[in-house]
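Here is upload-v2.cif, consisting of mmCIF, C-alpha atoms:
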data_work
#
loop_
_atom_site.label_atom_id
_atom_site.label_comp_id
_atom_site.auth_asym_id
_atom_site.auth_seq_id
_atom_site.Cartn_x
_atom_site.Cartn_y
_atom_site.Cartn_z
CA MET A 345 -65.38 -190.96 -38.05
CA ILE A 346 -68.92 -192.21 -38.62
CA ASP A 347 -70.21 -190.24 -35.61
CA HIS A 348 -68.45 -187.15 -36.91
CA ALA A 349 -70.07 -187.62 -40.32
CA LYS A 350 -73.48 -188.05 -38.72
CA LYS A 351 -73.02 -184.90 -36.66
CA ALA A 352 -71.92 -182.99 -39.75
CA GLY A 353 -74.98 -184.24 -41.63
CA LEU A 354 -77.30 -183.26 -38.80
CA SER A 355 -75.65 -179.85 -38.63
CA GLN A 356 -76.15 -179.31 -42.35
CA THR A 357 -79.79 -180.43 -42.07
CA SER A 358 -80.39 -178.06 -39.17
CA GLU A 359 -78.77 -175.20 -41.09
CA GLY A 360 -80.86 -176.03 -44.15
CA THR A 361 -83.99 -176.01 -42.02
CA ARG A 362 -83.15 -172.58 -40.60
CA VAL A 363 -82.41 -171.19 -44.04
CA SER A 364 -85.63 -172.64 -45.47
CA THR A 365 -87.71 -171.18 -42.65
CA ARG A 366 -86.02 -167.80 -42.97
CA ARG A 367 -86.63 -167.85 -46.73
CA ILE A 368 -90.33 -168.57 -46.18
CA TRP A 369 -90.84 -165.63 -43.83
CA SER A 370 -88.70 -163.19 -45.82
CA THR A 371 -90.68 -163.99 -48.97
CA ALA A 372 -93.88 -163.49 -46.98
CA TRP A 373 -92.78 -159.89 -46.30
CA ILE A 374 -93.68 -159.01 -49.90
CA VAL A 375 -97.26 -160.03 -49.16
CA THR A 376 -97.32 -158.06 -45.90
CA ALA A 377 -95.93 -154.89 -47.53
CA VAL A 378 -98.56 -154.75 -50.28
CA PHE A 379 -101.41 -155.68 -47.97
CA MET A 380 -100.46 -152.77 -45.71
CA LEU A 381 -101.31 -150.54 -48.65
CA SER A 382 -104.58 -152.38 -49.29
CA ASN A 383 -106.34 -151.04 -46.18
CA SER A 384 -104.28 -147.95 -45.35
CA ALA A 385 -107.09 -145.73 -46.68
CA THR A 386 -109.65 -147.00 -44.13
CA PRO A 387 -109.05 -144.36 -41.38
CA LEU A 388 -108.82 -141.63 -44.03
CA TYR A 389 -112.18 -142.25 -45.72
CA VAL A 390 -114.15 -140.00 -43.37
CA GLN A 391 -111.63 -137.19 -43.95
CA TRP A 392 -111.89 -137.54 -47.74
CA GLN A 393 -115.68 -137.90 -47.49
CA THR A 394 -115.92 -134.61 -45.60
CA ALA A 395 -113.51 -132.78 -47.92
CA LEU A 396 -114.99 -134.05 -51.20
CA GLY A 397 -118.62 -134.43 -50.10
CA PHE A 398 -119.44 -137.92 -51.39
CA THR A 399 -122.13 -140.32 -50.07
CA ASN A 400 -121.83 -143.71 -48.36
CA GLY A 401 -122.76 -145.36 -51.66
CA THR A 402 -119.90 -143.57 -53.41
CA LEU A 403 -117.61 -144.58 -50.56
CA THR A 404 -118.39 -148.25 -51.12
CA VAL A 405 -117.81 -147.81 -54.88
CA ILE A 406 -114.38 -146.32 -54.12
CA PHE A 407 -113.67 -149.26 -51.86
CA ALA A 408 -114.92 -151.73 -54.47
CA ALA A 409 -112.73 -150.21 -57.20
CA TYR A 410 -109.95 -151.97 -55.35
CA ILE A 411 -111.76 -155.27 -55.69
CA ALA A 412 -112.42 -154.62 -59.40
CA GLY A 413 -108.70 -154.12 -59.96
CA LEU A 414 -107.92 -157.17 -57.86
CA LEU A 415 -110.32 -159.41 -59.77
CA GLY A 416 -109.02 -158.14 -63.10
CA SER A 417 -105.43 -158.92 -62.20
CA LEU A 418 -106.39 -162.29 -60.74
CA LEU A 419 -107.71 -163.33 -64.15
CA ALA A 420 -104.19 -163.13 -65.56
CA ALA A 421 -101.60 -162.87 -62.77
CA GLY A 422 -101.83 -166.44 -61.54
CA GLN A 423 -101.47 -167.98 -65.00
CA LEU A 424 -98.66 -165.62 -65.99
CA SER A 425 -96.88 -166.42 -62.74
CA ASP A 426 -97.22 -170.16 -63.25
CA ARG A 427 -95.92 -169.78 -66.82
CA PHE A 428 -93.17 -167.13 -66.59
CA GLY A 429 -92.18 -167.33 -62.91
CA ARG A 430 -93.13 -165.43 -59.75
CA LYS A 431 -90.56 -162.64 -60.02
CA ALA A 432 -91.57 -161.59 -63.53
CA VAL A 433 -95.12 -160.92 -62.34
CA LEU A 434 -94.30 -159.48 -58.91
CA TYR A 435 -92.36 -156.49 -60.28
CA PRO A 436 -95.30 -155.00 -62.24
CA GLY A 437 -97.56 -155.56 -59.24
CA LEU A 438 -95.20 -153.68 -56.95
CA LEU A 439 -94.95 -150.83 -59.49
CA ALA A 440 -98.77 -150.59 -59.50
CA ALA A 441 -98.62 -150.24 -55.70
CA VAL A 442 -96.11 -147.40 -56.02
CA ALA A 443 -98.37 -145.59 -58.51
CA ALA A 444 -101.32 -146.04 -56.14
CA CYS A 445 -99.34 -144.40 -53.33
CA ALA A 446 -98.62 -141.38 -55.54
CA LEU A 447 -102.31 -141.00 -56.43
CA PHE A 448 -103.48 -141.32 -52.83
CA ALA A 449 -100.95 -138.75 -51.67
CA SER A 450 -102.16 -136.17 -54.21
CA ALA A 451 -105.88 -137.10 -54.43
CA GLU A 452 -108.15 -134.10 -54.96
CA SER A 453 -111.18 -135.82 -56.48
CA VAL A 454 -113.27 -138.98 -56.31
CA GLY A 455 -111.76 -139.99 -59.68
CA MET A 456 -108.24 -139.94 -58.26
CA LEU A 457 -109.34 -142.02 -55.29
CA LEU A 458 -111.01 -144.50 -57.65
CA ALA A 459 -107.84 -144.77 -59.72
CA ALA A 460 -105.70 -145.22 -56.61
CA ARG A 461 -107.94 -147.96 -55.29
CA LEU A 462 -108.03 -149.64 -58.70
CA LEU A 463 -104.22 -149.74 -58.87
CA THR A 464 -104.10 -150.99 -55.29
CA GLY A 465 -106.40 -153.83 -56.28
CA ILE A 466 -104.19 -154.71 -59.25
CA ALA A 467 -101.16 -154.86 -56.94
CA VAL A 468 -102.99 -157.01 -54.41
CA GLY A 469 -104.29 -159.33 -57.14
CA VAL A 470 -100.71 -159.98 -58.18
CA ILE A 471 -99.70 -160.60 -54.58
CA VAL A 472 -102.48 -163.04 -53.68
CA SER A 473 -101.68 -165.14 -56.74
CA ALA A 474 -97.98 -164.82 -57.59
CA GLY A 475 -96.81 -163.54 -54.19
CA MET A 476 -98.56 -166.11 -52.05
CA ALA A 477 -97.57 -168.88 -54.46
CA ALA A 478 -93.96 -167.70 -54.13
CA VAL A 479 -94.23 -168.06 -50.36
CA VAL A 480 -95.58 -171.60 -50.67
CA ASP A 481 -92.88 -172.45 -53.24
CA SER A 482 -90.19 -171.26 -50.82
CA GLY A 483 -91.16 -173.99 -48.38
CA GLY A 484 -90.47 -176.79 -50.84
CA HIS A 485 -92.12 -180.16 -50.41
CA SER A 486 -91.23 -180.61 -46.74
CA LYS A 487 -92.63 -177.32 -45.41
CA ARG A 488 -95.78 -176.75 -47.43
CA GLN A 489 -98.01 -176.35 -44.40
CA LEU A 490 -95.65 -173.88 -42.69
CA ALA A 491 -95.41 -171.92 -45.95
CA SER A 492 -99.22 -171.90 -46.28
CA LEU A 493 -99.44 -170.54 -42.74
CA ALA A 494 -96.82 -167.88 -43.52
CA ALA A 495 -98.64 -166.77 -46.69
CA SER A 496 -101.98 -166.51 -44.91
CA VAL A 497 -100.54 -164.78 -41.84
CA ALA A 498 -98.58 -162.30 -43.99
CA MET A 499 -101.76 -161.29 -45.77
CA VAL A 500 -103.87 -160.60 -42.71
CA LEU A 501 -100.99 -159.08 -40.75
CA GLY A 502 -100.35 -156.54 -43.48
CA ALA A 503 -104.06 -155.86 -43.82
CA GLY A 504 -104.14 -154.93 -40.13
CA LEU A 505 -100.89 -152.98 -39.83
CA GLY A 506 -101.77 -150.65 -42.73
CA PRO A 507 -104.86 -149.06 -41.17
CA LEU A 508 -103.19 -148.93 -37.74
CA LEU A 509 -100.28 -146.93 -39.13
CA ALA A 510 -102.62 -144.63 -41.06
CA GLY A 511 -104.93 -144.21 -38.05
CA MET A 512 -102.07 -143.22 -35.76
CA MET A 513 -100.82 -140.63 -38.23
CA ALA A 514 -104.33 -139.28 -38.82
CA GLN A 515 -104.88 -138.98 -35.08
CA PHE A 516 -101.77 -136.93 -34.38
CA LEU A 517 -101.02 -135.11 -37.67
CA ALA A 518 -103.11 -132.30 -39.14
CA TYR A 519 -102.32 -133.41 -42.71
CA PRO A 520 -101.67 -137.17 -42.52
CA VAL A 521 -102.17 -138.31 -46.12
CA VAL A 522 -98.71 -137.51 -47.53
CA PRO A 523 -96.84 -138.95 -44.50
CA VAL A 524 -98.95 -142.12 -44.63
CA TYR A 525 -98.13 -142.83 -48.25
CA SER A 526 -94.51 -141.71 -47.96
CA ALA A 527 -94.07 -144.35 -45.26
CA GLN A 528 -95.82 -146.87 -47.48
CA LEU A 529 -93.38 -146.13 -50.32
CA ILE A 530 -90.45 -146.93 -48.02
CA ILE A 531 -92.11 -150.22 -47.07
CA LEU A 532 -92.66 -151.08 -50.74
CA ALA A 533 -88.98 -150.40 -51.44
CA THR A 534 -88.07 -153.19 -49.01
CA ALA A 535 -90.52 -155.50 -50.81
CA PHE A 536 -88.72 -154.78 -54.10
CA LEU A 537 -85.47 -155.77 -52.43
CA VAL A 538 -86.86 -159.10 -51.25
CA ALA A 539 -88.42 -159.80 -54.66
CA SER A 540 -85.08 -159.19 -56.36
CA ARG A 541 -83.63 -162.12 -54.42
CA LEU A 542 -86.26 -164.63 -55.50
CA PRO A 543 -85.19 -167.34 -57.95
CA SER A 544 -86.23 -166.87 -61.58
CA ARG A 545 -88.12 -170.06 -62.36
CA ARG A 546 -90.38 -170.89 -65.28
CA HIS A 547 -92.58 -173.92 -65.75
CA PRO A 548 -92.36 -175.48 -69.22
CA THR A 549 -95.59 -175.79 -71.19
CA HIS A 550 -96.46 -178.42 -73.74
CA GLY A 551 -98.13 -177.23 -76.91
CA GLU A 552 -99.77 -173.84 -77.40
CA TRP A 553 -100.19 -171.68 -74.30
CA LYS A 554 -102.70 -168.86 -73.91
CA LEU A 555 -104.52 -166.98 -71.15
CA ARG A 556 -107.88 -168.34 -70.10
CA PHE A 557 -110.30 -167.85 -67.26
CA PRO A 558 -108.58 -169.18 -64.09
CA SER A 559 -109.46 -172.74 -63.22
CA VAL A 560 -108.11 -175.75 -61.38
CA PRO A 561 -107.83 -179.42 -62.30
CA LYS A 562 -111.16 -181.23 -62.08
CA HIS A 563 -110.15 -183.27 -59.04
CA ASN A 564 -109.33 -180.04 -57.13
CA ARG A 565 -112.65 -178.26 -57.75
CA LEU A 566 -114.25 -179.55 -54.57
CA HIS A 567 -111.24 -178.36 -52.55
CA LEU A 568 -111.69 -174.84 -53.92
CA ALA A 569 -115.47 -174.90 -53.50
CA MET A 570 -115.12 -175.76 -49.81
CA GLY A 571 -112.52 -173.05 -49.30
CA ILE A 572 -114.68 -170.41 -51.00
CA SER A 573 -117.80 -171.43 -49.04
CA VAL A 574 -116.11 -170.36 -45.79
CA PHE A 575 -113.58 -167.78 -46.98
CA ALA A 576 -116.18 -165.71 -48.88
CA PRO A 577 -118.46 -164.90 -45.90
CA GLY A 578 -115.38 -164.12 -43.81
CA ILE A 579 -113.73 -161.71 -46.22
CA THR A 580 -117.09 -160.09 -47.03
CA SER A 581 -117.55 -159.40 -43.32
CA THR A 582 -114.12 -157.80 -43.02
CA SER A 583 -114.80 -155.77 -46.20
CA PHE A 584 -117.90 -154.34 -44.52
CA VAL A 585 -115.82 -153.25 -41.53
CA LEU A 586 -113.17 -151.69 -43.78
CA SER A 587 -115.57 -149.79 -46.03
CA LEU A 588 -118.59 -148.94 -43.88
CA GLY A 589 -117.05 -149.33 -40.42
CA PRO A 590 -115.72 -145.74 -40.24
CA PRO A 591 -119.05 -144.05 -41.18
CA LEU A 592 -120.89 -146.49 -38.91
CA LEU A 593 -118.65 -145.48 -36.02
CA SER A 594 -118.93 -141.79 -36.88
CA LYS A 595 -122.60 -141.33 -37.78
CA LEU A 596 -124.38 -143.98 -35.75
CA LEU A 597 -122.08 -144.58 -32.81
CA HIS A 598 -120.65 -141.01 -32.65
CA VAL A 599 -117.00 -142.13 -32.57
CA THR A 600 -114.99 -139.88 -34.90
CA SER A 601 -111.40 -140.77 -34.01
CA PRO A 602 -109.43 -142.09 -37.03
CA LEU A 603 -107.27 -144.03 -34.60
CA VAL A 604 -110.34 -145.95 -33.41
CA ALA A 605 -111.30 -146.72 -37.01
CA GLY A 606 -107.77 -147.80 -37.90
CA GLY A 607 -107.32 -149.62 -34.61
CA THR A 608 -110.54 -151.57 -35.11
CA ALA A 609 -109.34 -152.73 -38.53
CA CYS A 610 -105.96 -153.60 -37.07
CA ILE A 611 -107.43 -155.60 -34.19
CA MET A 612 -109.64 -157.42 -36.66
CA PHE A 613 -106.68 -158.57 -38.73
CA LEU A 614 -104.44 -159.24 -35.75
CA ALA A 615 -107.16 -161.60 -34.56
CA ALA A 616 -107.09 -163.22 -38.01
CA THR A 617 -103.32 -163.56 -37.68
CA GLY A 618 -103.26 -164.89 -34.14
CA ILE A 619 -105.97 -167.50 -34.63
CA GLN A 620 -103.96 -169.11 -37.42
CA PHE A 621 -101.05 -169.79 -35.10
CA VAL A 622 -103.40 -171.20 -32.47
CA VAL A 623 -105.13 -173.62 -34.85
CA LYS A 624 -102.28 -174.47 -37.21
CA ARG A 625 -102.38 -178.15 -36.20
CA PHE A 626 -106.16 -178.47 -36.53
CA SER A 627 -107.68 -180.43 -39.40
CA VAL A 628 -108.93 -178.45 -42.38
CA ARG A 629 -112.49 -179.61 -41.74
CA THR A 630 -112.31 -178.22 -38.20
CA LEU A 631 -110.92 -174.93 -39.50
CA PHE A 632 -113.83 -174.56 -41.89
CA LEU A 633 -116.54 -175.38 -39.36
CA MET A 634 -115.00 -173.07 -36.76
CA GLY A 635 -114.78 -170.30 -39.37
CA SER A 636 -118.47 -170.56 -40.24
CA ALA A 637 -119.47 -170.55 -36.56
CA VAL A 638 -117.36 -167.48 -35.77
CA ILE A 639 -118.78 -165.50 -38.72
CA LEU A 640 -122.27 -166.27 -37.41
CA LEU A 641 -121.21 -164.84 -34.04
CA SER A 642 -119.76 -161.79 -35.76
CA MET A 643 -123.01 -161.00 -37.53
CA SER A 644 -124.97 -161.40 -34.29
CA CYS A 645 -122.64 -158.88 -32.64
CA LEU A 646 -122.96 -156.48 -35.58
CA VAL A 647 -126.73 -156.39 -35.22
CA SER A 648 -126.42 -155.97 -31.45
CA ALA A 649 -123.95 -153.08 -31.87
CA VAL A 650 -126.31 -151.28 -34.22
CA MET A 651 -129.41 -151.84 -32.11
CA LEU A 652 -127.72 -150.89 -28.84
CA SER A 653 -125.47 -148.13 -30.30
CA ALA A 654 -122.50 -149.85 -28.64
CA PRO A 655 -119.06 -149.22 -30.20
CA ALA A 656 -117.45 -151.91 -28.03
CA ILE A 657 -119.75 -154.59 -29.47
CA LEU A 658 -118.89 -153.41 -32.99
CA VAL A 659 -115.21 -153.99 -32.17
CA ILE A 660 -116.09 -157.49 -30.97
CA ALA A 661 -117.98 -158.08 -34.24
CA ALA A 662 -114.88 -156.97 -36.15
CA VAL A 663 -112.64 -159.32 -34.16
CA PHE A 664 -114.93 -162.27 -34.89
CA ALA A 665 -115.01 -161.27 -38.57
CA GLY A 666 -111.22 -161.32 -38.65
CA VAL A 667 -111.07 -164.70 -36.94
CA GLY A 668 -113.59 -166.10 -39.41
CA GLN A 669 -111.65 -164.81 -42.40
CA GLY A 670 -108.39 -166.16 -40.99
CA LEU A 671 -109.83 -169.63 -40.45
CA GLY A 672 -111.43 -169.85 -43.88
CA GLN A 673 -108.34 -168.47 -45.58
CA LEU A 674 -105.95 -170.84 -43.81
CA GLY A 675 -108.15 -173.82 -44.59
CA GLY A 676 -108.43 -172.89 -48.26
CA LEU A 677 -104.70 -172.23 -48.69
CA THR A 678 -103.82 -175.46 -46.90
CA LEU A 679 -106.01 -177.50 -49.26
CA ILE A 680 -104.36 -175.77 -52.22
CA SER A 681 -100.84 -176.43 -50.93
CA LEU A 682 -101.58 -180.08 -50.17
CA HIS A 683 -103.55 -181.04 -53.28
CA VAL A 684 -102.96 -178.62 -56.18
CA PRO A 685 -99.78 -179.24 -58.25
CA GLU A 686 -97.13 -176.51 -58.11
CA HIS A 687 -97.59 -175.43 -61.74
CA ARG A 688 -101.28 -174.63 -61.06
CA ARG A 689 -100.91 -173.26 -57.54
CA ALA A 690 -100.94 -169.52 -58.31
CA GLU A 691 -103.98 -170.04 -60.54
CA ALA A 692 -105.72 -171.91 -57.70
CA ASN A 693 -104.94 -169.00 -55.36
CA ALA A 694 -106.58 -166.72 -57.93
CA VAL A 695 -109.71 -168.89 -58.06
CA LEU A 696 -109.99 -168.92 -54.26
CA ASN A 697 -109.71 -165.15 -54.07
CA ILE A 698 -112.07 -164.49 -56.98
CA GLY A 699 -114.67 -166.58 -55.18
CA GLY A 700 -114.15 -164.59 -51.99
CA TYR A 701 -113.77 -161.07 -53.33
CA VAL A 702 -116.79 -160.99 -55.69
CA PRO A 703 -119.30 -161.02 -52.80
CA ALA A 704 -116.87 -158.86 -50.77
CA ALA A 705 -117.35 -156.16 -53.43
CA LEU A 706 -121.01 -156.55 -54.32
CA LEU A 707 -122.58 -156.88 -50.86
CA PRO A 708 -120.92 -153.81 -49.27
CA ILE A 709 -121.80 -151.72 -52.37
CA GLY A 710 -125.42 -152.80 -52.16
CA THR A 711 -125.41 -152.13 -48.42
CA GLY A 712 -123.89 -148.67 -48.91
CA PHE A 713 -126.60 -147.56 -51.33
CA LEU A 714 -129.29 -149.16 -49.17
CA ILE A 715 -128.00 -147.12 -46.21
CA ASP A 716 -128.23 -143.94 -48.31
CA MET A 717 -131.86 -144.74 -49.17
CA THR A 718 -132.95 -145.99 -45.72
CA SER A 719 -130.77 -146.00 -42.61
CA ILE A 720 -127.47 -147.34 -41.34
CA SER A 721 -129.20 -149.65 -38.88
CA LEU A 722 -131.43 -151.28 -41.52
CA GLY A 723 -128.63 -151.67 -44.06
CA ALA A 724 -126.23 -153.18 -41.54
CA SER A 725 -128.88 -155.56 -40.20
CA LEU A 726 -129.81 -156.86 -43.65
CA PHE A 727 -126.13 -157.32 -44.50
CA ALA A 728 -125.68 -159.33 -41.29
CA ALA A 729 -128.67 -161.54 -42.14
CA VAL A 730 -127.30 -162.38 -45.61
CA ILE A 731 -123.82 -163.22 -44.30
CA ALA A 732 -125.22 -165.28 -41.42
CA ALA A 733 -127.23 -167.36 -43.90
CA ALA A 734 -124.14 -167.81 -46.11
CA SER A 735 -122.03 -168.97 -43.16
CA VAL A 736 -124.63 -171.59 -42.18
CA ALA A 737 -124.81 -172.77 -45.80
CA GLY A 738 -121.01 -173.03 -45.88
CA ALA A 739 -120.93 -175.15 -42.74
CA VAL A 740 -123.56 -177.51 -44.13
CA PHE A 741 -121.70 -177.81 -47.44
CA VAL A 742 -118.40 -178.64 -45.72
CA THR A 743 -120.08 -181.18 -43.45
CA LEU A 744 -121.70 -182.97 -46.38
CA LYS A 745 -118.82 -182.84 -48.84
CA PHE A 746 -115.54 -182.92 -46.93
CA ASN A 747 -115.17 -186.67 -46.68
CA LYS A 748 -115.78 -186.98 -50.43
CA ARG A 749 -112.77 -184.87 -51.41
#
Could you write out this file's structure as structure tokens?
Amino acid sequence: MIDHAKKAGLSQTSEGTRVSTRRIWSTAWIVTAVFMLSNSATPLYVQWQTALGFTNGTLTVIFAAYIAGLLGSLLAAGQLSDRFGRKAVLYPGLLAAVAACALFASAESVGMLLAARLLTGIAVGVIVSAGMAAVVDSGGHSKRQLASLAASVAMVLGAGLGPLLAGMMAQFLAYPVVPVYSAQLIILATAFLVASRLPSRRHPTHGEWKLRFPSVPKHNRLHLAMGISVFAPGITSTSFVLSLGPPLLSKLLHVTSPLVAGGTACIMFLAATGIQFVVKRFSVRTLFLMGSAVILLSMSCLVSAVMLSAPAILVIAAVFAGVGQGLGQLGGLTLISLHVPEHRRAEANAVLNIGGYVPAALLPIGTGFLIDMTSISLGASLFAAVIAAASVAGAVFVTLKFNKR
């Protein structure tokens, strides 16, 4: 009888484990679906640039409109999610993504592209705060690290699949824009379905509650600072590839295929995905130091690709950029999941992403206008020098501060 009871208990535990793991990965699909939209425009930029006649500087502004929307939503989405529950915030974010698809599909001006990118950023801001927090919540106390891995992997996987899908359609279809965003709408519909099955949970507040600039408890500030010091150079590097990679391939390296542009972005984020599975048992300190080193390698390859006019080396630079972002992102999310209390977790995700996306917007914009005034080779080389210096500074900061956390 006792053995039978033990076996029944073990069976229930095993079933609970399977259900918990399945819940983690199904919730992560919401993140993947929206992040597919985030970079789906990358292979289409050259086509829009030719049709509408805008400069590289304008291109980076269009790209950065996404980051402006993202940062704006991050200011509120994390706190609203922690206060009113994940589901209540996810629905408006998904609706913003649907509106962005409609604008992209019918875009006939720079203004429409700006609005579409802005709405995309709002949707992504909701996802990186409320959505990724929902993934971590789904793991409970026992599976926080697996849930952190799932949230991080879902983000970079979606970011890579979106441009691959768009690049394939642009390669083989004469008019790819409407099919690309029609497919994206179907994908978003599945994300709505998953979101509808999330629990409706609210965290009680004591006293008056109001929105404020996102922050974390004082004892968690060093955790976030270390995450940002590595995550920011990584995501700024991938932002360069997403915004200026297609014109760099086309005008300097004479590669005009949208599939190559989309495939490069996809490979970059697949590398970011794969590396996280490889290093999931590494210490956070090791993740951060590896991330800084790989970003330094990426910037060296970027300069080499420009100087030698070698598309293959640019792809290698993109892969290293993806790996660096993946390592920094996984390290930052792991520190948040391990140290930040649940009722401040979405807000902490917002702080991490604000710290990463501000330079990811400003540096590519500055580089785009510098390229318009000088040359692609000079602009890309100066960008690489700034990011290389930031990655070295991040490694030094982590080395000095990690044991004090």
Problem - Nearest-residue call for A:Leu588, choices A:Met456, A:Leu714, A:Ala518, A:Leu652, using all atoms listed in the file - result: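 Selected residue with least distance to A:Leu588: A:Leu714.
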Problem - Residue with smallest distance to A:Gly672 - pool A:Val442, A:Leu631, A:Leu696, A:Leu424, counting all atoms listed in the file - result: A:Leu631
Exercise for the section: Rank A:Thr711, A:Val585, A:Ser601, A:Leu447 by their smallest atom-to-atom distance to A:Leu529, using only C-alpha atoms, and report the top residue only. Expected result: A:Leu447
Fill in the blank from the handout: Computed gap from atom CA of A:Ala491 to atom CA of A:Tyr435 is 21.3 Å
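Each of A:Leu532, A:Ala385, A:Leu566, A:Ala459 was compared to A:Lys745 using only C-alpha atoms, and A:Leu566 turns out to be the nearest.
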Practice task
Could you expand the PyMOL selection byres ((chain A and resi 665) around 9) into the explicit residues it covers here, written as a PyMOL selection string?
Solution key: chain A and resi 577-582+585+612-613+615-616+638-643+660-664+666-670
Mind dumping the selected residues with C-alpha atoms as a CSV table (one decimal), in the coordinates of the input?
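Below you can see out_16.csv, which holds the result:
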chain,number,residue,atom,x,y,z
A,577,PRO,CA,-118.5,-164.9,-45.9
A,578,GLY,CA,-115.4,-164.1,-43.8
A,579,ILE,CA,-113.7,-161.7,-46.2
A,580,THR,CA,-117.1,-160.1,-47.0
A,581,SER,CA,-117.6,-159.4,-43.3
A,582,THR,CA,-114.1,-157.8,-43.0
A,585,VAL,CA,-115.8,-153.2,-41.5
A,612,MET,CA,-109.6,-157.4,-36.7
A,613,PHE,CA,-106.7,-158.6,-38.7
A,615,ALA,CA,-107.2,-161.6,-34.6
A,616,ALA,CA,-107.1,-163.2,-38.0
A,638,VAL,CA,-117.4,-167.5,-35.8
A,639,ILE,CA,-118.8,-165.5,-38.7
A,640,LEU,CA,-122.3,-166.3,-37.4
A,641,LEU,CA,-121.2,-164.8,-34.0
A,642,SER,CA,-119.8,-161.8,-35.8
A,643,MET,CA,-123.0,-161.0,-37.5
A,660,ILE,CA,-116.1,-157.5,-31.0
A,661,ALA,CA,-118.0,-158.1,-34.2
A,662,ALA,CA,-114.9,-157.0,-36.2
A,663,VAL,CA,-112.6,-159.3,-34.2
A,664,PHE,CA,-114.9,-162.3,-34.9
A,666,GLY,CA,-111.2,-161.3,-38.6
A,667,VAL,CA,-111.1,-164.7,-36.9
A,668,GLY,CA,-113.6,-166.1,-39.4
A,669,GLN,CA,-111.6,-164.8,-42.4
A,670,GLY,CA,-108.4,-166.2,-41.0
Practice task
Find the residue from A:Val479, A:Ala724, A:Leu568, A:Leu388 that sits nearest to A:Met651; use all atoms listed in the file when measuring.
Solution key: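 Closest to A:Met651, using all atoms listed in the file: A:Ala724.
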Exercise for the section: Just the residues within 12 Å of A:Arg430, please, counting all atoms listed in the file, with nothing from its chain fewer than 6 positions along; format it as a ChimeraX atom specification. Expected result: /A:371,374,421-424,436-437,470-482,539-547,686-687,689-691
Practice task
Rounded to one decimal place, report the atom CA of A:Val375-atom CA of A:Ile572 distance in Å.
Solution key: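 A separation of 20.4 Å between them.
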Practice task
Compare A:Ser453, A:Thr365, A:Ser583, A:Ser559 by their minimum atom-to-atom distance to A:Asn383, counting all atoms listed in the file, and give me the closest one.
Solution key: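 Looking at the shortest contact to A:Asn383, the residue is A:Ser583.
In this model, the gap between atom CA of A:Ala649 and atom CA of A:Leu508 comes to 22.0 Å.
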On this structure, the PyMOL selection byres ((chain A and resi 506) around 7) would catch which residues? List them as a short mmCIF file (atom, residue, chain, number, x, y, z; two decimals) with C-alpha atoms, keeping the file's coordinate frame, sorted by chain and number.
data_model
loop_
_atom_site.label_atom_id
_atom_site.label_comp_id
_atom_site.auth_asym_id
_atom_site.auth_seq_id
_atom_site.Cartn_x
_atom_site.Cartn_y
_atom_site.Cartn_z
CA MET A 380 -100.46 -152.77 -45.71
CA LEU A 381 -101.31 -150.54 -48.65
CA ASN A 383 -106.34 -151.04 -46.18
CA SER A 384 -104.28 -147.95 -45.35
CA GLY A 502 -100.35 -156.54 -43.48
CA ALA A 503 -104.06 -155.86 -43.82
CA GLY A 504 -104.14 -154.93 -40.13
CA LEU A 505 -100.89 -152.98 -39.83
CA PRO A 507 -104.86 -149.06 -41.17
CA LEU A 508 -103.19 -148.93 -37.74
CA LEU A 509 -100.28 -146.93 -39.13
CA ALA A 510 -102.62 -144.63 -41.06
#
Residues at most 7 Å from A:Ser725, counting only C-alpha atoms, excluding those fewer than 4 positions away in the same chain, as a compact mmCIF listing (two decimals) with C-alpha atoms, in the coordinates of the input?
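What landed in around_9.txt:
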# COMPACT_ATOMS: atom_id res chain seq x y z
CA VAL A 647 -126.73 -156.39 -35.22
CA SER A 721 -129.20 -149.65 -38.88
CA ALA A 729 -128.67 -161.54 -42.14
Problem - Residue members of the PyMOL selection byres ((chain A and resi 629) around 9) in the file shown, as a list in words - result: Phe626, Ser627, Val628, Thr630, Leu631, Phe632, Leu633, Met634, Gly675, Val742, Thr743 and Phe746 of chain A
Find the residues near A:Gly483: any atom within 10 Å, counting all atoms listed in the file, skip ones fewer than 6 places away on the same chain, and give them as an mmCIF file with C-alpha atoms, in the coordinates of the input.
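Ended up saving to part35.cif:
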data_model
loop_
_atom_site.group_PDB
_atom_site.id
_atom_site.type_symbol
_atom_site.label_atom_id
_atom_site.label_comp_id
_atom_site.auth_asym_id
_atom_site.auth_seq_id
_atom_site.Cartn_x
_atom_site.Cartn_y
_atom_site.Cartn_z
ATOM 1 C CA THR A 361 -83.990 -176.010 -42.020
ATOM 2 C CA SER A 364 -85.630 -172.640 -45.470
ATOM 3 C CA THR A 365 -87.710 -171.180 -42.650
ATOM 4 C CA ARG A 366 -86.020 -167.800 -42.970
ATOM 5 C CA ARG A 367 -86.630 -167.850 -46.730
ATOM 6 C CA ILE A 368 -90.330 -168.570 -46.180
ATOM 7 C CA TRP A 369 -90.840 -165.630 -43.830
ATOM 8 C CA GLN A 489 -98.010 -176.350 -44.400
ATOM 9 C CA LEU A 490 -95.650 -173.880 -42.690
ATOM 10 C CA ALA A 491 -95.410 -171.920 -45.950
ATOM 11 C CA SER A 492 -99.220 -171.900 -46.280
ATOM 12 C CA ALA A 494 -96.820 -167.880 -43.520
#
